[in-house]
Structures are given as structure tokens and as C-alpha cells.
Amino acid sequence: MSDDALVLKLAMTFGALSLVSVGGAPAMMPEIHRITVEATGWLTNAEFARDFAISQTAPGPNFMMISLVGWRVAGFAGLVAATLAAVVPSSILAIIVGRLYTRFSLMAWFPLVKSALPPLVLGLIVASGVVTARAAVSGVLGFGIVMASASFVALSRRNPLFAIAGGAAAGILAGRLGLI
Amino acid sequence: MDTLAKQEPVVGQRPIGRLELFLGFAEMGLFGFGGVATIARHVIVEKRRWMSEHDYAAILGVGQILPGGNIINMTVMLGDRFQGLAGSAIALGGLMLMPIAILLGLTTIYEVYSSNPDVKAATIGAGAAAAGLVIGMGLKMGYNLSLSWLHIAFAVTIFIAAAVLRVPFVLSIVILAPLCIAATWWSTRK
């Protein structure tokens, strides 16, 4: 595919997702994996896991994994196209609703929708973790790191970066010992 | 200005200039490690006092039920409220420019050292930990929400669709969101 065609495909793929991405980026990870690894072959499983880890380490909104995918696929133009496609359609909708929001929040269906969506978002977020874990690890050691990191977040209120640093340290240690 | 003078005086609300808007959101992006939600509340409500806790919670709540990241939605709504459409763009730019630059910097640094076996091993470990973080965050969210059995069933169904069956996202959300809303309405109707 030529670069222009790739940039266009990135924009259309993430632009279409933007308008249905209930739950934001964390909930969309299974879909991003399905598109980038399974449907298009833009990334391998290992590259997907690596990019996810890098984008979790950087500060900022957590949908930036999409920016990174754009960068990998089609360089700077891809980065701009993927980022704007992911953000602009949903933002236009948000601005429109924002201007009407006092009216919206008084409507009877608003609390209903507000209570019905979190369970779906929750299911998608756990699915994100599982899909990413499957892409990232093989073997008992990887599974152990996933479980340890999940427990850390679930049970403590400390900065999640500690878990990522701990995972990296465990990886280095395992590598030095010849375990991975 | 005329338009400002006409506005109702609201507690915790004053005119917010474009530079302040940009700097405030740049601060949230730059220091928002592991997601922006925590720092955003701190900056908007406590530090810069752009709006009251109540107003902020309302705008975040609307952002949550719309598609797109709730922080992104909150950012453009706030930008629009203070400075119109230009404000939305300014706020979004402030939030994203520095983090994207940092992300590309990290990626480049990683690529330079990627042949080092320690870096390779660290990346595998960090990738596993990052995946675990998301699982842990989901479980914690589920615990805090104290879901009904009905909602647990929907959470499990969409989990299986997304993680096991790999159903395209659009399809599963278009089918399950209306069903979940209808079932919630049915189970709570009086």
C-alpha cells in the first residue's frame, strides 16, 4: 500500500471507531489489537505489547497508543492522521452535547444511560487487559508479572508506574538468569 | 466586556483566558502519569479553581456517557465553555502536544537500545505489567461500582465478545448498549 493510502486507511479506521468508542481508549484496546495485529498485520503481537507498554509509561491521555500506531504505520503523517481521526469526531459530538448539557442532564434517560454503560465499559477494560496480556507474555513468569501487577493496582492506591517499573526489573532479572 | 458582564456570577467561575487554558491543560497532560483523571480534578477544581467540584463532576459525567475518552470530552467541553471552538482546540493541544512529544522521544530512545538484551527483557516485563495494570483497574472499578447481577452479566458478555470471540467492537457495542439500557430500564421501572 502506498503511504497516502495507508494514511487514509488509518484515518478512516480510527475515525469510524471514534464515534462508537464508549469507555474511551482503555475499552478500545481489544479492537485496536484486532485491527492492527489480526486484520491488517500492521504490528506483530510483540510490537503491540511493546507499544502498549511505552504508551502507558508516558504521561498524558491514555489513548495515545493510537498516535503511536499511526507513527509506526506511516510516520509523522500517520501520527497526525490517527490522532486527529481518533479525537475529532467524538470531540465535535462532545462540544454539541456540552452546549446542550444542562438540558440533557435533566432528561429522564440521562441517569438510565449513565448507569447502563459502566458495566459494558468495565467488561471491555478487563478484556483489554487480557488481550494485551496474551500479546505480551508467554510462560509462567509473564503470567506471574501480570497477576502481581493486577493485584498491585487492585489493592493499593500507589502510582501505577511502580508496577511497570517492577515488571521491567523482574524482566531484566529473569533475562540475566536466562529465564526468558 | 459586554458579554461577560451579562453572565450570571457563578461561584468558582471567572473568565479564563486562552493562555491560562493552554497552560492548565498542558500541566494536566505533562503530569498525568497513568491517566489524566486524578491530576485533572486537582488542577481544575483545587489549584486553578476554574469550576466547582459539582460542575466538574457534571461535565465529567456527560463526557463519560459519550463516545471518546472522558478526559478528551471534558477537555473540549471546558475549552468550548471558556473560549468557544478555539478554546476547545487550545485545550486539546495543551493536553496532548507535550505527551505525544515525550512518547515519540521514549520510542526513539527505545529503538536505539532495543538490541540490548536487558532492554528487551525489561520491555517484556513492562508489557506484562502494563497489561496487568489494566486488568487490576477493571477489577477495582467493578468492585467500586457494586454492580447488580444483571450488570455483571452484561459485563461478562461483552468481555467474552471482545476478548474470547473477538467480535468487532462496533458490532458488540451497537447490540449490547441498547440491550443493557433496555434491561436496566426494565429492571428499575416502577
# chains A, B, ... in the order shown; residues from 1 in each chain; ligands from 1
call {"tool": "interface_residues", "arguments": {"of": "chain B", "to": "chain A", "cutoff": "6 Å", "atoms": "only C-alpha atoms", "output": "VMD selection string"}}
result
chain B and resid 29 to 30 32 to 33 35 to 36 67 to 69 73 77 99 103 118 121 to 122 125 to 136 138 140 151 155 to 156 158 to 159 163 169 180 to 181
call {"tool": "select_by_dssp", "arguments": {"residues": "segment 63-170 of chain B", "states": "alpha helix (DSSP H)", "output": "JSON, numbers by chain"}}
result
{"B": [63, 64, 65, 70, 71, 72, 73, 74, 75, 76, 77, 78, 79, 80, 81, 82, 83, 84, 85, 86, 87, 88, 89, 90, 91, 92, 93, 94, 95, 96, 97, 98, 99, 100, 101, 102, 103, 104, 105, 106, 107, 108, 109, 110, 111, 112, 113, 117, 118, 119, 120, 121, 122, 123, 124, 125, 126, 127, 128, 129, 130, 131, 132, 133, 134, 135, 136, 137, 138, 139, 140, 141, 142, 143, 144, 145, 149, 150, 151, 152, 153, 154, 155, 156, 157, 158, 159, 169, 170]}
call {"tool": "residues_around", "arguments": {"residues": "Gly94 of chain B", "least_positions_apart": "4", "cutoff": "8 Å", "atoms": "only C-alpha atoms", "output": "PyMOL selection string"}}
result
chain B and resi 21-27+29+90+98
call {"tool": "write_last_selection", "arguments": {"atoms": "C-alpha atoms", "output": "mmCIF file, in the first residue's frame"}}
result
data_model
loop_
_atom_site.group_PDB
_atom_site.id
_atom_site.type_symbol
_atom_site.label_atom_id
_atom_site.label_comp_id
_atom_site.auth_asym_id
_atom_site.auth_seq_id
_atom_site.Cartn_x
_atom_site.Cartn_y
_atom_site.Cartn_z
ATOM 1 C CA LEU B 21 -6.438 27.427 29.315
ATOM 2 C CA PHE B 22 -3.450 26.141 27.383
ATOM 3 C CA LEU B 23 -1.115 26.142 30.377
ATOM 4 C CA GLY B 24 -3.647 24.436 32.638
ATOM 5 C CA PHE B 25 -4.233 21.592 30.219
ATOM 6 C CA ALA B 26 -0.521 21.346 29.412
ATOM 7 C CA GLU B 27 0.041 20.832 33.135
ATOM 8 C CA GLY B 29 -1.043 16.293 30.175
ATOM 9 C CA ILE B 90 -6.322 25.184 22.544
ATOM 10 C CA MET B 98 3.858 17.509 25.156
#
call {"tool": "residues_around", "arguments": {"residues": "Leu150 of chain B", "least_positions_apart": "2", "cutoff": "9 Å", "atoms": "only C-alpha atoms", "output": "PyMOL selection string"}}
result
chain B and resi 147-148+152-155+180+183-184+187
call {"tool": "residues_around", "arguments": {"residues": "Ala89 of chain B", "least_positions_apart": "5", "cutoff": "9 Å", "atoms": "only C-alpha atoms", "output": "PyMOL selection string"}}
result
chain B and resi 76+79-80+94
call {"tool": "write_last_selection", "arguments": {"atoms": "N, CA and C atoms", "output": "mmCIF file, in the first residue's frame"}}
result
data_model
loop_
_atom_site.group_PDB
_atom_site.id
_atom_site.type_symbol
_atom_site.label_atom_id
_atom_site.label_comp_id
_atom_site.auth_asym_id
_atom_site.auth_seq_id
_atom_site.Cartn_x
_atom_site.Cartn_y
_atom_site.Cartn_z
ATOM 1 N N VAL B 76 -12.563 19.221 25.672
ATOM 2 C CA VAL B 76 -13.145 20.064 24.616
ATOM 3 C C VAL B 76 -14.387 20.809 25.116
ATOM 4 N N GLY B 79 -13.003 23.737 27.185
ATOM 5 C CA GLY B 79 -12.403 24.723 26.277
ATOM 6 C C GLY B 79 -13.482 25.524 25.575
ATOM 7 N N ASP B 80 -14.532 24.835 25.118
ATOM 8 C CA ASP B 80 -15.630 25.484 24.418
ATOM 9 C C ASP B 80 -16.379 26.429 25.352
ATOM 10 N N GLY B 94 -3.044 21.765 24.326
ATOM 11 C CA GLY B 94 -2.296 21.826 25.581
ATOM 12 C C GLY B 94 -2.181 20.456 26.218
#
call {"tool": "atom_distance", "arguments": {"atom1": "atom CA of Leu78 of chain B", "atom2": "atom CA of Lys47 of chain B"}}
result
15.9 Å
call {"tool": "atom_distance", "arguments": {"atom1": "atom CA of Ile44 of chain B", "atom2": "atom CA of Met28 of chain B"}}
result
9.1 Å
call {"tool": "atom_distance", "arguments": {"atom1": "atom CA of Leu92 of chain B", "atom2": "atom CA of Ile72 of chain B"}}
result
7.2 Å
call {"tool": "decode", "arguments": {"residues": "segment 142-166 of chain A", "atoms": "N, CA, C and O atoms", "output": "short mmCIF file (atom, residue, chain, number, x, y, z; two decimals), in the first residue's frame"}}
result
data_model
loop_
_atom_site.label_atom_id
_atom_site.label_comp_id
_atom_site.auth_asym_id
_atom_site.auth_seq_id
_atom_site.Cartn_x
_atom_site.Cartn_y
_atom_site.Cartn_z
N GLY A 142 5.80 -14.54 32.87
CA GLY A 142 4.98 -13.45 32.36
C GLY A 142 3.63 -13.41 33.05
O GLY A 142 3.15 -12.34 33.47
N PHE A 143 3.03 -14.59 33.20
CA PHE A 143 1.75 -14.69 33.88
C PHE A 143 1.87 -14.16 35.31
O PHE A 143 0.99 -13.42 35.79
N GLY A 144 2.96 -14.49 35.98
CA GLY A 144 3.20 -14.02 37.34
C GLY A 144 3.28 -12.49 37.41
O GLY A 144 2.69 -11.86 38.30
N ILE A 145 3.98 -11.90 36.43
CA ILE A 145 4.10 -10.44 36.42
C ILE A 145 2.72 -9.80 36.20
O ILE A 145 2.36 -8.83 36.88
N VAL A 146 1.94 -10.36 35.28
CA VAL A 146 0.59 -9.84 35.03
C VAL A 146 -0.23 -9.88 36.31
O VAL A 146 -0.86 -8.87 36.71
N MET A 147 -0.21 -11.03 37.00
CA MET A 147 -1.02 -11.17 38.22
C MET A 147 -0.54 -10.22 39.32
O MET A 147 -1.34 -9.60 40.02
N ALA A 148 0.78 -10.11 39.47
CA ALA A 148 1.33 -9.25 40.52
C ALA A 148 0.93 -7.80 40.27
O ALA A 148 0.52 -7.08 41.19
N SER A 149 1.03 -7.38 39.00
CA SER A 149 0.73 -6.00 38.66
C SER A 149 -0.78 -5.72 38.81
O SER A 149 -1.19 -4.66 39.33
N ALA A 150 -1.62 -6.70 38.42
CA ALA A 150 -3.07 -6.53 38.59
C ALA A 150 -3.41 -6.41 40.08
O ALA A 150 -4.21 -5.54 40.47
N SER A 151 -2.80 -7.23 40.91
CA SER A 151 -3.07 -7.16 42.35
C SER A 151 -2.62 -5.83 42.93
O SER A 151 -3.29 -5.24 43.78
N PHE A 152 -1.46 -5.35 42.46
CA PHE A 152 -0.93 -4.09 42.95
C PHE A 152 -1.94 -2.96 42.75
O PHE A 152 -2.23 -2.19 43.66
N VAL A 153 -2.49 -2.87 41.53
CA VAL A 153 -3.46 -1.80 41.24
C VAL A 153 -4.77 -2.00 41.99
O VAL A 153 -5.36 -1.06 42.50
N ALA A 154 -5.20 -3.28 42.04
CA ALA A 154 -6.50 -3.54 42.66
C ALA A 154 -6.45 -3.27 44.16
O ALA A 154 -7.44 -2.83 44.74
N LEU A 155 -5.30 -3.52 44.79
CA LEU A 155 -5.26 -3.47 46.25
C LEU A 155 -4.59 -2.23 46.83
O LEU A 155 -4.72 -1.98 48.02
N SER A 156 -3.87 -1.45 46.03
CA SER A 156 -3.22 -0.28 46.61
C SER A 156 -3.58 0.97 45.82
O SER A 156 -4.09 0.88 44.70
N ARG A 157 -3.33 2.11 46.41
CA ARG A 157 -3.63 3.37 45.73
C ARG A 157 -2.36 4.04 45.25
O ARG A 157 -2.36 5.22 44.91
N ARG A 158 -1.25 3.33 45.24
CA ARG A 158 0.02 3.93 44.83
C ARG A 158 0.06 4.15 43.33
O ARG A 158 -0.74 3.59 42.58
N ASN A 159 1.01 4.97 42.91
CA ASN A 159 1.17 5.27 41.49
C ASN A 159 1.41 3.99 40.69
O ASN A 159 2.31 3.22 40.99
N PRO A 160 0.59 3.76 39.63
CA PRO A 160 0.73 2.54 38.82
C PRO A 160 2.10 2.38 38.16
O PRO A 160 2.49 1.28 37.79
N LEU A 161 2.83 3.51 38.04
CA LEU A 161 4.15 3.40 37.41
C LEU A 161 5.08 2.47 38.19
O LEU A 161 5.99 1.86 37.63
N PHE A 162 4.85 2.36 39.51
CA PHE A 162 5.66 1.44 40.31
C PHE A 162 5.54 0.02 39.77
O PHE A 162 6.51 -0.73 39.73
N ALA A 163 4.32 -0.36 39.36
CA ALA A 163 4.10 -1.71 38.85
C ALA A 163 4.86 -1.93 37.54
O ALA A 163 5.45 -2.99 37.32
N ILE A 164 4.84 -0.89 36.68
CA ILE A 164 5.55 -1.03 35.40
C ILE A 164 7.05 -1.13 35.64
O ILE A 164 7.74 -1.97 35.05
N ALA A 165 7.56 -0.30 36.57
CA ALA A 165 8.98 -0.37 36.90
C ALA A 165 9.32 -1.74 37.49
O ALA A 165 10.34 -2.35 37.14
N GLY A 166 8.45 -2.25 38.34
CA GLY A 166 8.67 -3.57 38.93
C GLY A 166 8.68 -4.66 37.87
O GLY A 166 9.52 -5.56 37.91
#
